[in-house]
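Shown below: coords_21.cif, with mmCIF, C-alpha atoms.
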data_structure
loop_
_atom_site.label_atom_id
_atom_site.label_comp_id
_atom_site.auth_asym_id
_atom_site.auth_seq_id
_atom_site.Cartn_x
_atom_site.Cartn_y
_atom_site.Cartn_z
CA MET A 236 -19.00 21.87 -32.92
CA VAL A 237 -18.08 20.52 -29.47
CA ARG A 238 -14.60 19.00 -29.31
CA VAL A 239 -13.83 16.58 -26.47
CA ARG A 240 -10.33 15.38 -25.71
CA THR A 241 -9.66 12.14 -23.82
CA PHE A 242 -9.32 12.30 -20.06
CA GLU A 243 -6.04 10.49 -19.79
CA ASN A 244 -4.46 11.43 -16.52
CA ALA A 245 -7.15 11.31 -13.92
CA THR A 246 -4.72 11.05 -11.05
CA GLN A 247 -3.46 14.52 -11.82
CA VAL A 248 -4.73 16.57 -8.91
CA LEU A 249 -6.53 19.73 -9.94
CA GLY A 250 -5.18 23.00 -8.67
CA GLU A 251 -7.35 25.23 -6.49
CA LEU A 252 -8.41 27.53 -9.35
CA GLU A 253 -8.99 24.59 -11.70
CA GLN A 254 -11.23 22.96 -9.11
CA ARG A 255 -13.18 26.23 -8.63
CA LEU A 256 -13.74 26.65 -12.33
CA MET A 257 -14.85 23.02 -12.69
CA ASP A 258 -17.30 23.46 -9.80
CA LEU A 259 -18.62 26.64 -11.42
CA LEU A 260 -19.14 24.94 -14.77
CA TRP A 261 -20.72 21.87 -13.20
CA ASP A 262 -23.29 24.22 -11.60
CA GLU A 263 -23.92 26.33 -14.70
CA GLN A 264 -23.01 25.68 -18.33
CA PRO A 265 -22.00 26.55 -20.97
CA LEU A 266 -20.05 29.70 -20.08
CA SER A 267 -17.63 31.92 -21.97
CA VAL A 268 -14.39 33.16 -20.41
CA ARG A 269 -15.99 36.54 -19.73
CA GLU A 270 -19.01 34.91 -18.03
CA VAL A 271 -16.75 32.70 -15.89
CA LYS A 272 -14.73 35.73 -14.82
CA ALA A 273 -17.92 37.62 -13.96
CA ARG A 274 -18.97 34.78 -11.66
CA LEU A 275 -15.74 35.10 -9.65
CA PRO A 276 -16.42 38.63 -8.33
CA ARG A 277 -14.21 38.62 -5.24
CA THR A 278 -11.06 37.53 -6.99
CA ARG A 279 -8.67 39.76 -8.86
CA LEU A 280 -8.05 37.26 -11.59
CA ALA A 281 -7.02 38.60 -14.96
CA TYR A 282 -9.10 37.66 -17.96
CA THR A 283 -6.06 35.90 -19.44
CA THR A 284 -5.58 33.82 -16.26
CA VAL A 285 -9.14 32.53 -16.48
CA MET A 286 -8.73 31.90 -20.21
CA THR A 287 -5.45 29.98 -19.72
CA THR A 288 -6.90 27.88 -16.90
CA LEU A 289 -9.99 26.99 -18.94
CA ASP A 290 -7.76 26.11 -21.88
CA ARG A 291 -5.66 23.88 -19.61
CA LEU A 292 -8.79 22.09 -18.35
CA TYR A 293 -9.87 21.63 -21.96
CA LYS A 294 -6.46 20.15 -22.82
CA LYS A 295 -6.76 17.80 -19.83
CA GLY A 296 -10.02 16.56 -21.31
CA LEU A 297 -12.15 17.87 -18.46
CA LEU A 298 -13.89 20.58 -20.49
CA ALA A 299 -15.44 20.63 -23.93
CA ARG A 300 -15.62 23.86 -25.90
CA SER A 301 -17.40 25.24 -28.93
CA LYS A 302 -17.13 28.52 -30.77
CA HIS A 303 -19.92 31.05 -30.32
CA GLY A 304 -19.15 33.96 -32.58
CA LEU A 305 -15.58 34.95 -31.86
CA ALA A 306 -15.37 33.45 -28.37
CA PHE A 307 -15.22 29.91 -27.03
CA VAL A 308 -17.85 28.71 -24.59
CA TYR A 309 -16.91 25.94 -22.20
CA GLN A 310 -18.85 23.09 -20.61
CA PRO A 311 -17.75 20.06 -18.57
CA ALA A 312 -16.87 17.03 -20.68
CA MET A 313 -18.32 14.82 -17.97
CA THR A 314 -20.58 15.06 -14.94
CA ARG A 315 -19.15 15.59 -11.48
CA GLY A 316 -20.02 11.98 -10.61
CA GLU A 317 -18.35 10.62 -13.75
CA TYR A 318 -15.25 12.70 -13.01
CA GLN A 319 -15.04 11.30 -9.48
CA ARG A 320 -15.51 7.73 -10.74
CA ARG A 321 -12.69 8.20 -13.26
CA VAL A 322 -10.37 9.70 -10.67
CA VAL A 323 -11.04 6.77 -8.33
CA GLN A 324 -10.50 4.22 -11.10
CA ALA A 325 -7.33 5.86 -12.39
CA ALA A 326 -5.93 6.28 -8.87
CA LEU A 327 -6.78 2.75 -7.76
CA SER A 328 -5.36 1.06 -10.81
CA PRO A 329 -1.66 1.61 -9.96
CA LEU A 330 -2.29 1.23 -6.24
CA LEU A 331 -3.96 -2.14 -6.50
CA ALA A 332 -1.70 -3.37 -9.29
CA HIS A 333 1.40 -2.87 -7.13
CA GLY A 334 -0.14 -4.41 -4.06
CA SER A 335 1.40 -3.27 -0.80
CA GLY A 336 3.80 -0.63 -2.04
CA PRO A 337 6.07 1.38 0.22
CA VAL A 338 3.33 3.83 1.12
CA LEU A 339 0.43 1.43 1.16
CA ALA A 340 -0.58 -1.44 3.42
CA ALA A 341 -3.71 -3.23 2.22
CA PHE A 342 -5.86 -5.29 4.55
CA VAL A 343 -5.84 -8.02 1.92
CA ASP A 344 -3.97 -7.77 -1.37
CA VAL A 345 -4.98 -11.19 -2.46
CA ALA A 346 -8.11 -11.00 -4.57
CA ALA A 347 -6.90 -12.31 -7.90
CA GLY A 348 -4.98 -15.18 -6.34
CA ALA A 349 -7.76 -16.31 -4.06
CA ASP A 350 -9.87 -18.50 -6.33
CA ALA A 351 -13.42 -19.43 -5.46
CA GLU A 352 -12.38 -22.92 -4.37
CA ASN A 353 -9.77 -21.54 -2.00
CA LEU A 354 -12.28 -19.06 -0.54
CA ASP A 355 -14.83 -21.88 -0.05
CA ARG A 356 -12.21 -23.96 1.75
CA LEU A 357 -11.28 -21.04 4.04
CA GLU A 358 -14.91 -20.26 4.81
CA ASN A 359 -15.44 -23.89 5.69
CA LEU A 360 -12.37 -23.76 7.94
CA ILE A 361 -13.71 -20.66 9.71
CA SER A 362 -17.10 -22.22 10.23
CA ILE A 363 -15.56 -25.45 11.65
CA HIS A 364 -13.43 -23.33 13.98
CA ARG A 365 -16.49 -21.35 15.11
CA ARG A 366 -18.51 -24.49 15.84
CA LYS A 367 -15.57 -26.01 17.69
CA ARG A 368 -15.31 -22.91 19.89
CA ARG A 369 -19.01 -23.06 20.65
CA GLY A 370 -18.77 -26.78 21.37
CA GLU A 371 -21.19 -27.64 18.56
CA PRO A 372 -20.84 -30.90 16.57
CA ARG A 373 -19.21 -30.56 13.10
CA MET B 232 38.08 7.75 0.50
CA ILE B 233 37.66 5.35 -2.43
CA GLY B 234 39.41 2.57 -0.48
CA PHE B 235 37.12 3.04 2.55
CA THR B 236 34.03 3.23 0.33
CA LEU B 237 35.00 -0.02 -1.34
CA VAL B 238 35.60 -1.76 1.99
CA PHE B 239 32.22 -0.54 3.26
CA ALA B 240 30.34 -1.56 0.11
CA LEU B 241 31.93 -5.01 -0.13
CA THR B 242 31.41 -5.72 3.56
CA VAL B 243 27.75 -4.65 3.50
CA VAL B 244 26.97 -6.53 0.27
CA ALA B 245 28.66 -9.73 1.54
CA LEU B 246 27.09 -9.55 5.01
CA SER B 247 23.67 -8.71 3.53
CA ALA B 248 23.84 -11.78 1.30
CA VAL B 249 24.76 -13.97 4.28
CA ALA B 250 22.00 -12.42 6.43
CA VAL B 251 19.34 -12.80 3.75
CA VAL B 252 20.24 -16.44 3.10
CA ALA B 253 20.27 -17.12 6.86
CA VAL B 254 16.80 -15.62 7.33
CA GLN B 255 15.44 -17.49 4.31
CA LEU B 256 16.87 -20.79 5.59
CA ALA B 257 15.49 -20.17 9.08
CA GLY B 258 12.16 -18.98 7.64
CA GLY B 259 10.08 -21.98 8.75
CA ALA B 260 11.45 -21.94 12.29
CA LEU B 261 10.97 -18.17 12.56
CA ARG B 262 7.35 -18.48 11.40
CA ARG B 263 6.66 -21.09 14.07
CA ARG B 264 8.10 -18.73 16.71
CA GLY B 265 5.62 -16.03 15.68
CA ALA B 266 5.22 -12.97 13.48
CA HIS B 267 7.17 -10.68 15.85
CA ALA B 268 10.22 -12.95 15.71
CA GLU B 269 10.05 -13.27 11.93
CA ARG B 270 9.78 -9.51 11.48
CA ARG B 271 12.60 -8.82 13.94
CA ALA B 272 14.88 -11.27 12.09
CA VAL B 273 14.29 -9.41 8.82
CA GLU B 274 14.91 -6.03 10.45
CA LEU B 275 18.16 -7.26 11.99
CA ALA B 276 19.21 -8.75 8.65
CA ALA B 277 18.70 -5.28 7.16
CA VAL B 278 20.39 -3.27 9.93
CA LEU B 279 23.35 -5.39 11.04
CA PRO B 280 25.31 -5.54 7.75
CA VAL B 281 25.20 -1.76 7.43
CA ALA B 282 26.09 -1.29 11.12
CA LEU B 283 29.01 -3.74 10.93
CA GLY B 284 30.25 -2.24 7.65
CA GLY B 285 30.14 1.18 9.30
CA ALA B 286 31.97 -0.14 12.37
CA LEU B 287 34.71 -1.66 10.21
CA VAL B 288 35.30 1.54 8.26
CA THR B 289 35.20 3.65 11.44
CA SER B 290 37.74 1.37 13.05
CA LEU B 291 40.03 1.64 9.99
CA VAL B 292 39.73 5.43 9.91
CA VAL B 293 40.44 5.73 13.64
CA HIS B 294 43.38 3.36 13.26
CA GLY B 295 44.67 5.55 10.43
CA TYR B 296 44.76 8.53 12.81
CA ILE B 297 46.11 6.90 15.97
CA GLY B 298 47.96 3.84 14.68
CA GLU B 299 51.63 3.80 13.83
CA ASP B 300 52.59 5.20 10.45
CA HIS B 301 53.35 2.21 8.28
CA CYS B 302 53.22 4.00 4.96
CA GLY B 303 56.96 4.02 4.59
CA VAL B 304 57.27 0.34 5.55
CA HIS B 305 55.74 -1.15 2.41
CA ASP B 306 54.81 0.54 -0.81
CA HIS B 307 53.87 -2.43 -3.00
CA HIS B 308 50.17 -1.59 -2.84
CA ALA B 309 47.88 1.33 -2.18
CA HIS B 310 47.42 2.19 1.48
CA LEU B 311 44.14 2.01 3.31
CA CYS B 312 44.77 5.14 5.33
CA VAL B 313 43.42 8.65 5.57
CA ALA B 314 46.60 10.26 4.20
CA HIS B 315 47.04 8.09 1.11
CA GLY B 316 43.44 7.18 0.30
CA GLY B 317 43.69 8.89 -3.09
CA ALA B 318 46.05 6.17 -4.37
CA TRP B 319 43.08 3.82 -4.82
CA ALA B 320 41.73 6.12 -7.50
CA GLN B 321 44.64 5.01 -9.69
CA VAL B 322 43.60 1.34 -9.59
CA PRO B 323 41.12 0.95 -12.50
CA TRP B 324 39.27 -2.18 -11.30
CA ILE B 325 38.69 -0.65 -7.88
CA VAL B 326 37.32 2.57 -9.36
CA ALA B 327 35.08 0.50 -11.67
CA MET B 328 33.84 -1.63 -8.78
CA VAL B 329 33.06 1.38 -6.56
CA ALA B 330 31.27 3.08 -9.46
CA ALA B 331 29.24 -0.07 -10.27
CA THR B 332 28.24 -0.57 -6.63
CA ALA B 333 27.27 3.09 -6.24
CA ALA B 334 25.29 3.01 -9.50
CA ALA B 335 23.41 -0.14 -8.45
CA LEU B 336 22.59 1.34 -5.05
CA LEU B 337 21.49 4.65 -6.53
CA ALA B 338 19.34 2.87 -9.13
CA ARG B 339 17.58 0.85 -6.44
CA LEU B 340 16.99 3.94 -4.31
CA ALA B 341 15.71 5.83 -7.37
CA ILE B 342 13.23 3.02 -8.13
CA LEU B 343 12.06 3.12 -4.52
CA VAL B 344 11.63 6.91 -4.61
CA SER B 345 9.76 6.83 -7.93
CA GLN B 346 7.47 4.03 -6.68
CA HIS B 347 6.87 6.11 -3.56
CA ALA B 348 6.11 9.25 -5.57
CA ARG B 349 3.74 7.43 -7.96
CA THR B 350 1.80 5.91 -5.08
CA ALA B 351 1.70 9.22 -3.22
CA ARG B 352 0.28 10.94 -6.32
CA ALA B 353 -2.43 8.31 -6.72
CA VAL B 354 -3.30 8.51 -3.02
CA ALA B 355 -3.50 12.32 -3.19
CA ALA B 356 -5.98 12.02 -6.07
CA LEU B 357 -8.00 9.46 -4.14
CA ARG B 358 -8.01 11.69 -1.08
CA ARG B 359 -9.57 14.52 -3.08
CA VAL B 360 -12.59 12.39 -3.98
CA SER B 361 -12.96 10.67 -0.60
CA ALA B 362 -15.14 11.62 2.36
CA ALA B 363 -13.88 11.50 5.95
CA VAL B 364 -16.15 9.25 8.00
CA GLY B 365 -15.12 8.44 11.57
CA GLY B 366 -11.36 8.48 10.97
CA VAL B 367 -11.63 6.61 7.67
CA ARG B 368 -11.49 8.14 4.19
CA VAL B 369 -14.33 6.46 2.34
CA VAL B 370 -14.04 6.27 -1.45
CA ASP B 371 -17.05 5.59 -3.63
CA SER B 372 -15.96 2.52 -5.59
CA PRO B 373 -17.37 -0.90 -6.56
CA ARG B 374 -13.95 -2.41 -5.77
CA ALA B 375 -13.67 -3.82 -2.24
CA PHE B 376 -10.54 -2.52 -0.56
CA CYS B 377 -9.21 -1.14 2.66
CA PHE B 378 -5.67 0.09 3.15
CA VAL B 379 -3.45 2.52 4.98
CA ALA B 380 -1.49 4.98 2.86
CA GLY B 381 1.01 7.70 3.67
CA VAL B 382 4.44 7.27 5.21
CA TRP B 383 4.47 10.44 7.31
CA ARG B 384 0.73 11.04 7.77
CA PRO B 385 -0.87 7.64 7.37
CA GLU B 386 -4.62 7.50 6.77
CA ILE B 387 -7.07 4.64 6.39
CA TYR B 388 -8.86 4.38 3.02
CA ALA B 389 -11.86 2.13 2.45
CA SER B 390 -14.27 1.73 -0.43
CA THR B 391 -18.02 1.96 -0.12
CA ALA B 392 -18.22 -1.60 -1.50
CA ALA B 393 -16.06 -2.88 1.35
CA TRP B 394 -17.87 -0.85 4.01
CA GLN B 395 -21.33 -1.87 2.87
CA GLY B 396 -20.38 -5.48 2.19
CA LEU B 397 -18.85 -6.22 5.60
CA ALA B 398 -20.82 -7.10 8.74
CA ASP B 399 -20.39 -4.80 11.77
CA ASP B 400 -17.93 -7.07 13.59
CA GLU B 401 -15.94 -7.63 10.39
CA ARG B 402 -15.72 -3.88 9.81
CA ALA B 403 -14.48 -3.41 13.38
CA ALA B 404 -11.84 -6.10 12.76
CA VAL B 405 -10.62 -4.41 9.55
CA LEU B 406 -10.45 -1.05 11.30
CA ALA B 407 -8.50 -2.48 14.24
CA HIS B 408 -6.05 -4.10 11.81
CA GLU B 409 -5.48 -0.86 9.90
CA ARG B 410 -5.24 1.23 13.07
CA GLY B 411 -2.49 -1.15 14.16
CA HIS B 412 -0.51 -0.22 11.04
CA VAL B 413 -0.98 3.48 11.86
CA ALA B 414 -0.14 3.15 15.57
CA HIS B 415 3.04 1.13 14.93
CA HIS B 416 4.29 3.32 12.05
CA ASP B 417 4.54 0.23 9.85
CA LEU B 418 4.88 2.13 6.58
CA ARG B 419 7.80 4.18 7.88
CA ARG B 420 9.44 1.04 9.20
CA ARG B 421 8.96 -0.73 5.89
CA LEU B 422 10.56 2.14 4.02
CA GLY B 423 13.56 1.95 6.38
CA VAL B 424 13.89 -1.81 5.82
CA GLU B 425 13.62 -1.35 2.06
CA MET B 426 16.27 1.35 2.02
CA LEU B 427 18.69 -0.73 4.08
CA LEU B 428 18.04 -3.80 1.95
CA ALA B 429 18.92 -1.80 -1.15
CA PHE B 430 22.49 -2.87 -0.26
CA ALA B 431 21.58 -6.56 -0.57
CA ALA B 432 21.38 -8.41 -3.89
CA PRO B 433 18.15 -7.21 -5.58
CA LEU B 434 16.18 -10.47 -5.60
CA LEU B 435 17.29 -11.50 -2.13
CA GLY B 436 16.36 -8.09 -0.73
CA ALA B 437 12.89 -8.28 -2.30
CA LEU B 438 12.36 -11.71 -0.73
CA LEU B 439 13.07 -10.29 2.71
CA VAL B 440 10.81 -7.27 2.21
CA ARG B 441 8.01 -9.66 1.21
CA ARG B 442 8.66 -11.76 4.32
CA TRP B 443 8.63 -8.63 6.49
CA ALA B 444 5.31 -7.47 4.96
CA ARG B 445 3.65 -10.87 5.47
CA ALA B 446 4.82 -11.07 9.09
CA THR B 447 3.58 -7.51 9.69
CA GLU B 448 0.13 -8.34 8.29
CA ARG B 449 -0.10 -11.34 10.65
CA LEU B 450 0.96 -9.10 13.55
CA ARG B 451 -1.81 -6.62 12.75
CA ASP B 452 -4.26 -9.52 12.51
CA HIS B 453 -3.26 -10.33 16.09
CA ASP B 454 -3.91 -6.67 17.03
CA ALA B 455 -7.36 -6.92 15.47
CA VAL B 456 -8.11 -10.11 17.41
CA ALA B 457 -7.01 -8.36 20.62
CA VAL B 458 -9.46 -5.51 19.91
CA VAL B 459 -12.51 -7.51 18.78
CA GLY B 460 -11.77 -10.40 21.15
CA ASP B 461 -12.24 -13.19 18.61
CA PRO B 462 -10.26 -14.40 15.57
CA ASP B 463 -13.47 -15.34 13.77
CA PRO B 464 -14.52 -11.86 12.47
CA VAL B 465 -10.95 -11.05 11.43
CA ALA B 466 -10.70 -14.23 9.35
CA ARG B 467 -14.22 -13.75 7.97
CA ALA B 468 -13.44 -10.14 6.98
CA MET B 469 -10.42 -11.25 4.95
CA VAL B 470 -12.35 -13.90 3.04
CA ARG B 471 -15.37 -11.60 2.59
CA LEU B 472 -13.27 -8.76 1.18
CA CYS B 473 -11.67 -11.13 -1.31
CA ARG B 474 -15.04 -12.44 -2.38
CA LEU B 475 -16.48 -8.94 -2.76
CA ASP B 476 -13.51 -7.82 -4.79
CA ARG B 477 -13.57 -10.89 -7.02
CA GLU B 478 -17.13 -9.95 -7.94
CA ALA B 479 -16.17 -6.33 -8.70
CA ALA B 480 -12.76 -6.83 -10.33
CA THR B 481 -12.46 -6.77 -14.08
CA PRO B 482 -9.63 -8.35 -16.08
CA GLY B 483 -6.56 -6.17 -16.18
CA PHE B 484 -7.56 -4.39 -13.01
CA ALA B 485 -6.73 -6.84 -10.29
CA PHE B 486 -4.26 -7.50 -7.50
CA ALA B 487 -1.23 -9.69 -8.00
CA ALA B 488 -1.87 -13.39 -7.39
CA ARG B 489 -1.21 -14.03 -3.74
CA GLY B 490 -3.92 -16.46 -2.70
CA ASP B 491 -1.46 -18.40 -0.55
CA GLU B 492 -1.05 -15.35 1.68
CA LEU B 493 -4.73 -15.29 2.49
CA ALA B 494 -4.69 -18.99 3.43
CA GLU B 495 -1.54 -18.45 5.48
CA ARG B 496 -3.11 -15.61 7.46
CA VAL B 497 -6.48 -17.26 8.02
CA GLU B 498 -4.87 -20.53 9.10
CA ALA B 499 -2.42 -18.73 11.41
CA LEU B 500 -5.31 -16.87 13.05
CA LEU B 501 -7.47 -19.93 13.56
CA ALA B 502 -4.54 -22.03 14.79
CA GLY B 503 -3.73 -19.37 17.39
CA GLU B 504 -0.21 -18.71 16.10
CA PRO B 505 1.95 -17.13 18.84
CA THR B 506 2.77 -13.46 18.41
CA GLY B 507 6.42 -14.23 19.16
CA VAL B 508 7.13 -11.20 21.36
CA ARG B 509 9.45 -13.16 23.65
CA ALA B 510 11.21 -14.92 20.78
CA ALA B 511 11.76 -11.54 19.10
CA ARG B 512 13.29 -10.16 22.28
CA VAL B 513 15.59 -13.18 22.69
CA LEU B 514 16.63 -12.95 19.03
CA GLY B 515 17.28 -9.20 19.35
CA VAL B 516 19.41 -9.59 22.49
CA ALA B 517 21.34 -12.56 21.07
CA LEU B 518 22.16 -10.81 17.82
CA ALA B 519 23.00 -7.56 19.63
CA ILE B 520 25.55 -9.49 21.74
CA VAL B 521 27.00 -11.11 18.59
CA ALA B 522 27.15 -7.71 16.85
CA LEU B 523 28.83 -6.06 19.86
CA GLY B 524 31.33 -8.93 19.97
CA ALA B 525 32.03 -8.43 16.27
CA VAL B 526 32.51 -4.67 16.77
CA ALA B 527 34.91 -5.33 19.70
CA LEU B 528 36.83 -7.81 17.55
CA ILE B 529 37.02 -5.36 14.66
CA ALA B 530 38.25 -2.60 16.98
CA SER B 531 40.86 -4.77 18.67
CA GLN B 532 42.10 -6.27 15.38
CA ALA B 533 42.17 -3.04 13.39
CA GLU B 534 45.88 -3.36 12.62
CA PRO B 535 45.90 -6.88 11.10
CA LEU B 536 42.50 -6.28 9.48
CA HIS B 537 43.81 -3.14 7.87
CA HIS B 538 46.84 -4.96 6.42
CA ALA B 539 44.77 -7.93 5.30
CA LEU B 540 42.34 -5.67 3.47
CA GLU B 541 45.16 -3.73 1.85
CA THR B 542 46.73 -6.94 0.58
CA LEU B 543 43.37 -8.32 -0.53
CA LEU B 544 42.40 -5.20 -2.45
CA GLY B 545 45.77 -3.85 -3.52
#
What does this structure look like when you write it as structure tokens?
Amino acid sequence: MVRVRTFENATQVLGELEQRLMDLLWDEQPLSVREVKARLPRTRLAYTTVMTTLDRLYKKGLLARSKHGLAFVYQPAMTRGEYQRRVVQAALSPLLAHGSGPVLAAFVDVAAGADAENLDRLENLISIHRRKRRGEPR
Amino acid sequence: MIGFTLVFALTVVALSAVAVVAVQLAGGALRRRGAHAERRAVELAAVLPVALGGALVTSLVVHGYIGEDHCGVHDHHAHLCVAHGGAWAQVPWIVAMVAATAAALLARLAILVSQHARTARAVAALRRVSAAVGGVRVVDSPRAFCFVAGVWRPEIYASTAAWQGLADDERAAVLAHERGHVAHHDLRRRLGVEMLLAFAAPLLGALLVRRWARATERLRDHDAVAVVGDPDPVARAMVRLCRLDREAATPGFAFAARGDELAERVEALLAGEPTGVRAARVLGVALAIVALGAVALIASQAEPLHHALETLLG
């Protein structure tokens, strides 16, 4: 049975090895720990390192796993595209909620406050200004 | 040491409160003078109290070394001098006041650091899933946004929704605005202002930071107009981005309500608000002269000031 945990902390940046393993599993799945290790031929990673990293990714909700005989086989819990969308959404949420924080300067941080009526009025103002500059009648 | 710390803290807190109230009261006049002047006033209101507090304490310390030894003359209160500074530690209300002030300052700085760290983490995650396109990190998102992030290595981030939804001239205007933030190190400057205003009363300090941010945005709008040669695309880009984002935003995932800011910026652009460079310079020179005068007065009156403070605190 495939168990999937929730992907709660999308803003958590993946480490280099975690990212490599995710890329590997997005390209080919499902894979056991031994198969993953075999597909990383130029690295001197211990079997236990690969196993721990896969377990960590599973606990982060990025991988699903099922038991095949005595060993677990792993597969991504979401597609690469879905992962990226979730990272963007989770990262944007605090950024946009806090507006222009100390390390952020937004071009406009006004969306919720600018109601449709206000936007219509401003557009009208811009168009009057443009016509005035061009010398056209209002 | 405790005595000097208390003098510094009380001076900075009192002067910060006066400076913040003065800037708030002069807000309308400063706005009419231009964004540069408004921003400079906030920066001076942040810097001068700390500078004058520092000057006062320095003058007292120097006086303690070179002034006449008065410690034997009167012993009815603790002495504000280098040799007998430890006596203040035996006055409970003074110790409590220094501790409370230090705790409040540290708490505000800790909030600032944690806010900074949280934003930096989110930006790092966003960076990983963005693609660099012509100096901009483009993020695939239905939300319409464009911002600069990073205090030490600022980068421009824009969403695909914003990039695809804006016309060419509007995109150029947004880019020019954001490049202005990068070129003028606005995020670093803002952090400095926020740290200095941590000495001011919390709500008053936040009001000034908000004023500084709004003035800075109007300044960068001016930069954008200078690059694209017309206020029209800059104003249009602001309204267009808001419209695009209103369409994409879902409840619980939206910016704080600041519609008045948008109107303020668009109207300032179309009305040809002055940048206020000259007014900022005049304000800077005038306040520098006043501050130098105050420092000279503090230095020349170190003796009576020192006694007055001892009597006041002891």
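Distance-wise, CA of Arg420 (chain B) and CA of Ala340 (chain A) end up 11.8 Å apart.
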Within 7 Å of chain A: residues of chain B, using all atoms listed in the file, as a ChimeraX atom specification
/B:347,350,352-354,356-357,360,377-382,405,409,418,421-422,463,469-470,473,476-477,484-490,493-494,501
With C-alpha atoms retained, could you export that selection as a tab-separated table (two decimals), in the coordinates of the input?
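The resulting file, again_31.tsv, is shown below:
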chain	number	residue	atom	x	y	z
B	347	HIS	CA	6.87	6.11	-3.56
B	350	THR	CA	1.80	5.91	-5.08
B	352	ARG	CA	0.28	10.94	-6.32
B	353	ALA	CA	-2.43	8.31	-6.72
B	354	VAL	CA	-3.30	8.51	-3.02
B	356	ALA	CA	-5.98	12.02	-6.07
B	357	LEU	CA	-8.00	9.46	-4.14
B	360	VAL	CA	-12.59	12.39	-3.98
B	377	CYS	CA	-9.21	-1.14	2.66
B	378	PHE	CA	-5.67	0.09	3.15
B	379	VAL	CA	-3.45	2.52	4.98
B	380	ALA	CA	-1.49	4.98	2.86
B	381	GLY	CA	1.01	7.70	3.67
B	382	VAL	CA	4.44	7.27	5.21
B	405	VAL	CA	-10.62	-4.41	9.55
B	409	GLU	CA	-5.48	-0.86	9.90
B	418	LEU	CA	4.88	2.13	6.58
B	421	ARG	CA	8.96	-0.73	5.89
B	422	LEU	CA	10.56	2.14	4.02
B	463	ASP	CA	-13.47	-15.34	13.77
B	469	MET	CA	-10.42	-11.25	4.95
B	470	VAL	CA	-12.35	-13.90	3.04
B	473	CYS	CA	-11.67	-11.13	-1.31
B	476	ASP	CA	-13.51	-7.82	-4.79
B	477	ARG	CA	-13.57	-10.89	-7.02
B	484	PHE	CA	-7.56	-4.39	-13.01
B	485	ALA	CA	-6.73	-6.84	-10.29
B	486	PHE	CA	-4.26	-7.50	-7.50
B	487	ALA	CA	-1.23	-9.69	-8.00
B	488	ALA	CA	-1.87	-13.39	-7.39
B	489	ARG	CA	-1.21	-14.03	-3.74
B	490	GLY	CA	-3.92	-16.46	-2.70
B	493	LEU	CA	-4.73	-15.29	2.49
B	494	ALA	CA	-4.69	-18.99	3.43
B	501	LEU	CA	-7.47	-19.93	13.56
Within 7 Å of Ala407 (chain B) using only C-alpha atoms, minus same-chain residues under 4 positions, as a tab-separated table (two decimals) with C-alpha atoms, keeping the file's coordinate frame:
chain	number	residue	atom	x	y	z
B	403	ALA	CA	-14.48	-3.41	13.38
B	411	GLY	CA	-2.49	-1.15	14.16
B	454	ASP	CA	-3.91	-6.67	17.03
B	455	ALA	CA	-7.36	-6.92	15.47
B	458	VAL	CA	-9.46	-5.51	19.91
Using the chain letters and numbers from the file, give me the residues hit by the PyMOL selection byres ((chain A and resi 266) around 6), as a PyMOL selection string.
chain A and resi 264-265+267+270+308-309
Those same residues - C-alpha atoms - I'd like them written as a short mmCIF file (atom, residue, chain, number, x, y, z; two decimals), in the frame of the given file.
data_model
loop_
_atom_site.label_atom_id
_atom_site.label_comp_id
_atom_site.auth_asym_id
_atom_site.auth_seq_id
_atom_site.Cartn_x
_atom_site.Cartn_y
_atom_site.Cartn_z
CA GLN A 264 -23.01 25.68 -18.33
CA PRO A 265 -22.00 26.55 -20.97
CA SER A 267 -17.63 31.92 -21.97
CA GLU A 270 -19.01 34.91 -18.03
CA VAL A 308 -17.85 28.71 -24.59
CA TYR A 309 -16.91 25.94 -22.20
#
Kindly give the distance, in Å, that separates CA of Leu336 (chain B) and CA of Ala257 (chain B), rounded to a single decimal.
26.7 Å
Could you list the residues chosen by the PyMOL selection byres ((chain A and resi 291) around 12) in this structure as a PyMOL selection string?
chain A and resi 240+249-250+252-254+256-257+284-290+292-300+309
Near Ala533 (chain B), within 12 Å and counting all atoms listed in the file, which residues show up once chain neighbours fewer than 2 positions away are dropped, as a PyMOL selection string?
chain B and resi 286-299+311-312+525-531+535-541
Kindly indicate which residue among B:Gly436, B:Gly366, B:Gly265, B:Pro385 lies nearest to Val252 (chain B), using all atoms listed in the file for the distances.
B:Gly436
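Pairwise distance (CA of Ala355 (chain B), CA of Ala444 (chain B)) equals 23.1 Å.
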Excluding same-chain residues fewer than 3 positions from Gly396 (chain B), what lies within 8 Å of it counting all atoms listed in the file, as a short mmCIF file (atom, residue, chain, number, x, y, z; two decimals) with C-alpha atoms, keeping the file's coordinate frame?
data_model
loop_
_atom_site.label_atom_id
_atom_site.label_comp_id
_atom_site.auth_asym_id
_atom_site.auth_seq_id
_atom_site.Cartn_x
_atom_site.Cartn_y
_atom_site.Cartn_z
CA ALA B 392 -18.22 -1.60 -1.50
CA ALA B 393 -16.06 -2.88 1.35
CA ARG B 471 -15.37 -11.60 2.59
CA LEU B 472 -13.27 -8.76 1.18
CA LEU B 475 -16.48 -8.94 -2.76
#
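Using all atoms listed in the file, the smallest distance between any of A:Ala273, A:Val268, A:Leu260, A:Leu280 and Ala306 (chain A) comes from A:Val268.
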Closest of B:Val329, B:Gln255, B:Ser390, B:Ala351 to Val238 (chain B), counting all atoms listed in the file, is B:Val329
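Once Ala250 (chain B) and its same-chain neighbours fewer than 3 positions away are set aside, Val244, Ala245, Leu246, Ser247, Ala253, Val254, Gln255, Leu256, Ala272, Val273, Leu275, Ala276, Ala277, Val278, Leu279, Pro280, Ala431, Leu435 and Leu439 of chain B remain within 10 Å of it when counting all atoms listed in the file.
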